[in-house]
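Here's upload18.tsv, which has TSV, C-alpha atoms:
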```
chain	number	residue	atom	x	y	z
A	1	SER	CA	184.56	234.58	180.74
A	2	ARG	CA	181.46	236.05	179.15
A	3	ALA	CA	181.83	233.88	176.05
A	4	TYR	CA	181.69	230.72	178.19
A	5	THR	CA	178.69	231.97	180.15
A	6	ALA	CA	176.93	232.84	176.89
A	7	LEU	CA	177.65	229.34	175.57
A	8	VAL	CA	176.18	227.76	178.71
A	9	ASP	CA	173.10	229.98	178.36
A	10	LYS	CA	172.67	228.79	174.76
A	11	ILE	CA	172.93	225.15	175.88
A	12	LYS	CA	170.39	225.67	178.66
A	13	THR	CA	167.99	227.48	176.32
A	14	PHE	CA	168.29	224.67	173.77
A	15	ILE	CA	167.59	222.03	176.43
A	16	LEU	CA	164.61	223.92	177.86
A	17	SER	CA	163.04	224.25	174.42
A	18	GLN	CA	163.86	220.73	173.19
A	19	TYR	CA	163.89	218.52	176.32
A	20	ASN	CA	160.79	216.62	175.20
A	21	ARG	CA	162.43	215.49	171.96
A	22	ASP	CA	165.10	212.84	171.94
A	23	ILE	CA	168.03	215.25	171.80
A	24	SER	CA	171.70	214.34	171.86
A	25	ILE	CA	174.92	216.19	172.60
A	26	ASN	CA	175.57	216.06	168.83
A	27	ASP	CA	172.28	217.84	168.16
A	28	MET	CA	173.26	220.54	170.64
A	29	ALA	CA	176.76	220.92	169.24
A	30	ASN	CA	175.40	221.26	165.69
A	31	GLU	CA	172.71	223.75	166.74
A	32	ILE	CA	175.13	225.86	168.78
A	33	GLY	CA	178.02	225.59	166.34
A	34	ALA	CA	180.65	224.24	168.73
A	35	SER	CA	182.29	220.86	169.20
A	36	ARG	CA	180.89	218.23	171.54
A	37	SER	CA	184.01	218.27	173.69
A	38	HIS	CA	183.96	222.07	173.93
A	39	ILE	CA	180.32	222.31	175.00
A	40	ASN	CA	180.72	219.40	177.45
A	41	LYS	CA	183.83	220.86	179.06
A	42	THR	CA	182.54	224.43	179.17
A	43	PHE	CA	179.19	223.43	180.64
A	44	LYS	CA	180.85	221.32	183.35
A	45	ASN	CA	183.35	224.08	184.22
A	46	ILE	CA	180.68	226.77	184.54
A	47	THR	CA	177.84	224.80	186.16
A	48	ALA	CA	179.69	221.97	187.96
A	49	GLN	CA	177.32	219.46	186.37
A	50	THR	CA	177.27	217.61	183.08
A	51	ILE	CA	174.89	218.50	180.27
A	52	ASN	CA	173.09	215.19	180.83
A	53	GLN	CA	172.67	215.91	184.55
A	54	TYR	CA	171.13	219.27	183.68
A	55	LEU	CA	168.89	217.63	181.07
A	56	PHE	CA	167.68	215.11	183.67
A	57	ASP	CA	167.05	217.95	186.15
A	58	VAL	CA	164.90	219.73	183.56
A	59	ILE	CA	163.03	216.51	182.75
A	60	ILE	CA	162.38	215.77	186.44
A	61	ASN	CA	161.16	219.33	187.09
A	62	LYS	CA	158.79	219.12	184.12
A	63	SER	CA	157.70	215.64	185.27
A	64	ASN	CA	156.83	216.96	188.72
A	65	ASP	CA	154.40	219.40	187.12
A	66	LEU	CA	152.93	216.79	184.77
A	67	LEU	CA	152.48	214.13	187.45
A	68	ILE	CA	149.98	216.40	189.18
A	69	THR	CA	147.47	215.78	186.40
A	70	MET	CA	148.83	212.86	184.36
A	71	SER	CA	149.51	209.18	184.90
A	72	VAL	CA	153.09	207.95	185.22
A	73	THR	CA	152.93	206.43	181.72
A	74	GLU	CA	151.51	209.63	180.17
A	75	THR	CA	154.19	211.69	181.90
A	76	ALA	CA	156.95	209.34	180.72
A	77	PHE	CA	155.87	209.73	177.10
A	78	GLU	CA	155.44	213.48	177.46
A	79	VAL	CA	159.05	213.88	178.63
A	80	VAL	CA	160.43	211.54	175.94
A	81	PHE	CA	160.87	208.34	177.90
A	82	ASN	CA	158.98	205.85	175.76
A	83	ASN	CA	159.41	203.36	178.57
A	84	SER	CA	157.66	204.13	181.85
A	85	ALA	CA	159.76	201.61	183.81
A	86	TYR	CA	162.97	203.36	182.74
A	87	PHE	CA	161.37	206.74	183.49
A	88	SER	CA	160.49	205.51	186.99
A	89	THR	CA	164.08	204.32	187.53
A	90	VAL	CA	165.55	207.68	186.45
A	91	PHE	CA	162.97	209.62	188.45
A	92	LYS	CA	163.71	207.65	191.62
A	93	LYS	CA	167.47	208.01	191.14
A	94	GLN	CA	167.08	211.80	190.81
A	95	THR	CA	164.44	212.40	193.50
A	96	GLY	CA	164.59	209.45	195.89
A	97	LYS	CA	160.92	208.66	195.20
A	98	THR	CA	159.12	206.73	192.50
A	99	PRO	CA	156.72	208.79	190.37
A	100	LYS	CA	153.80	207.05	192.15
A	101	GLU	CA	155.23	207.95	195.57
A	102	TYR	CA	155.66	211.52	194.37
A	103	GLN	CA	152.03	211.63	193.22
A	104	GLN	CA	150.88	210.30	196.59
A	105	SER	CA	152.96	212.89	198.43
A	106	ILE	CA	151.26	215.81	196.63
A	107	THR	CA	147.64	214.74	196.95
```
I'd like the structure from this file rewritten - as structure tokens, please.
Amino acid sequence: SRAYTALVDKIKTFILSQYNRDISINDMANEIGASRSHINKTFKNITAQTINQYLFDVIINKSNDLLITMSVTETAFEVVFNNSAYFSTVFKKQTGKTPKEYQQSIT
């Protein structure tokens, strides 16, 4: 329905504007004015991915841009991972490459 699509759009907009802060599902639910379970279920039904999967996709896409000009550590902090080792782990899980390998592939 249109209400569900509108809710998903609100969630995506929130994530795109806040991805570089340490946001939680609770923050989103409060901001959007719906329950955690409702936004989780609706998002999954409409997009076939979880909110966290979408958040990681956004972070990885932003990281790809940042890694062109920044170090791995700088990029990790920029996208809210205050731990570059954890950032590298997440990045590799999502892309199949480490951030360093990604940087080498684009130069």
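One distance worth recording is that between atom CA of A:Thr98 and atom CA of A:Phe77, which is 16.0 Å.
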So that I can see what lies close to A:Ser88, please list as number ranges by chain the residues with an atom at most 10 Å from it, counting all atoms listed in the file and leaving out residues fewer than 6 positions away in the same chain.
A: 72-73, 76, 81, 94, 97-100
Can you tell me which residues surround A:Lys10 at a distance of at most 8 Å, considering all atoms listed in the file, apart from same-chain residues fewer than 4 positions away, and format the answer as a list in words?
Ala6, Phe14 and Ile32 of chain A
Can you tell me how far atom CA of A:Ser35 sits from atom CA of A:Lys62, in Å to one decimal?
27.9 Å
The residue from A:Ile60, A:Val8, A:Ile68, A:Ala34 with the smallest atom-to-atom distance to A:Thr95, counting only C-alpha atoms, is A:Ile60
Return the single residue from A:Thr107, A:Thr42, A:Asn20, A:Thr75 that is closest to A:Phe56, with distances computed using only C-alpha atoms.
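When distances to A:Phe56 are compared using only C-alpha atoms, the smallest one comes from A:Asn20.
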Straight-line distance linking atom CA of A:Asn64 with atom CA of A:Val80, stated in Å to one decimal
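Between atom CA of A:Asn64 and atom CA of A:Val80 the gap is 14.3 Å.
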Missing atoms in stretch 57-72 of chain A: can you complete it with N, CA and C atoms, as a PDB file, keeping the file's coordinate frame?
```
ATOM      1  N   ASP A  57     167.682 217.012 185.208  1.00  0.00           N
ATOM      2  CA  ASP A  57     167.050 217.950 186.150  1.00  0.00           C
ATOM      3  C   ASP A  57     165.838 218.620 185.514  1.00  0.00           C
ATOM      4  N   VAL A  58     166.007 219.074 184.274  1.00  0.00           N
ATOM      5  CA  VAL A  58     164.900 219.730 183.560  1.00  0.00           C
ATOM      6  C   VAL A  58     163.741 218.746 183.391  1.00  0.00           C
ATOM      7  N   ILE A  59     164.063 217.528 182.967  1.00  0.00           N
ATOM      8  CA  ILE A  59     163.030 216.510 182.750  1.00  0.00           C
ATOM      9  C   ILE A  59     162.285 216.201 184.050  1.00  0.00           C
ATOM     10  N   ILE A  60     163.023 216.081 185.149  1.00  0.00           N
ATOM     11  CA  ILE A  60     162.380 215.770 186.440  1.00  0.00           C
ATOM     12  C   ILE A  60     161.499 216.931 186.880  1.00  0.00           C
ATOM     13  N   ASN A  61     161.981 218.166 186.721  1.00  0.00           N
ATOM     14  CA  ASN A  61     161.160 219.330 187.090  1.00  0.00           C
ATOM     15  C   ASN A  61     159.869 219.381 186.277  1.00  0.00           C
ATOM     16  N   LYS A  62     159.979 219.134 184.975  1.00  0.00           N
ATOM     17  CA  LYS A  62     158.790 219.120 184.120  1.00  0.00           C
ATOM     18  C   LYS A  62     157.881 217.963 184.543  1.00  0.00           C
ATOM     19  N   SER A  63     158.471 216.817 184.852  1.00  0.00           N
ATOM     20  CA  SER A  63     157.700 215.640 185.270  1.00  0.00           C
ATOM     21  C   SER A  63     156.902 215.933 186.526  1.00  0.00           C
ATOM     22  N   ASN A  64     157.528 216.616 187.473  1.00  0.00           N
ATOM     23  CA  ASN A  64     156.830 216.960 188.720  1.00  0.00           C
ATOM     24  C   ASN A  64     155.541 217.699 188.432  1.00  0.00           C
ATOM     25  N   ASP A  65     155.604 218.645 187.492  1.00  0.00           N
ATOM     26  CA  ASP A  65     154.400 219.400 187.120  1.00  0.00           C
ATOM     27  C   ASP A  65     153.370 218.483 186.452  1.00  0.00           C
ATOM     28  N   LEU A  66     153.836 217.642 185.537  1.00  0.00           N
ATOM     29  CA  LEU A  66     152.930 216.790 184.770  1.00  0.00           C
ATOM     30  C   LEU A  66     152.271 215.723 185.635  1.00  0.00           C
ATOM     31  N   LEU A  67     153.014 215.212 186.606  1.00  0.00           N
ATOM     32  CA  LEU A  67     152.480 214.130 187.450  1.00  0.00           C
ATOM     33  C   LEU A  67     151.301 214.581 188.309  1.00  0.00           C
ATOM     34  N   ILE A  68     151.117 215.883 188.431  1.00  0.00           N
ATOM     35  CA  ILE A  68     149.980 216.400 189.180  1.00  0.00           C
ATOM     36  C   ILE A  68     148.667 216.013 188.481  1.00  0.00           C
ATOM     37  N   THR A  69     148.702 216.024 187.144  1.00  0.00           N
ATOM     38  CA  THR A  69     147.470 215.780 186.400  1.00  0.00           C
ATOM     39  C   THR A  69     147.521 214.563 185.473  1.00  0.00           C
ATOM     40  N   MET A  70     148.690 213.976 185.294  1.00  0.00           N
ATOM     41  CA  MET A  70     148.830 212.860 184.360  1.00  0.00           C
ATOM     42  C   MET A  70     149.255 211.589 185.055  1.00  0.00           C
ATOM     43  N   SER A  71     149.008 210.466 184.391  1.00  0.00           N
ATOM     44  CA  SER A  71     149.510 209.180 184.900  1.00  0.00           C
ATOM     45  C   SER A  71     151.023 209.114 184.710  1.00  0.00           C
ATOM     46  N   VAL A  72     151.639 208.147 185.362  1.00  0.00           N
ATOM     47  CA  VAL A  72     153.090 207.950 185.220  1.00  0.00           C
ATOM     48  C   VAL A  72     153.427 207.658 183.764  1.00  0.00           C
TER      49      VAL A  72
END
```
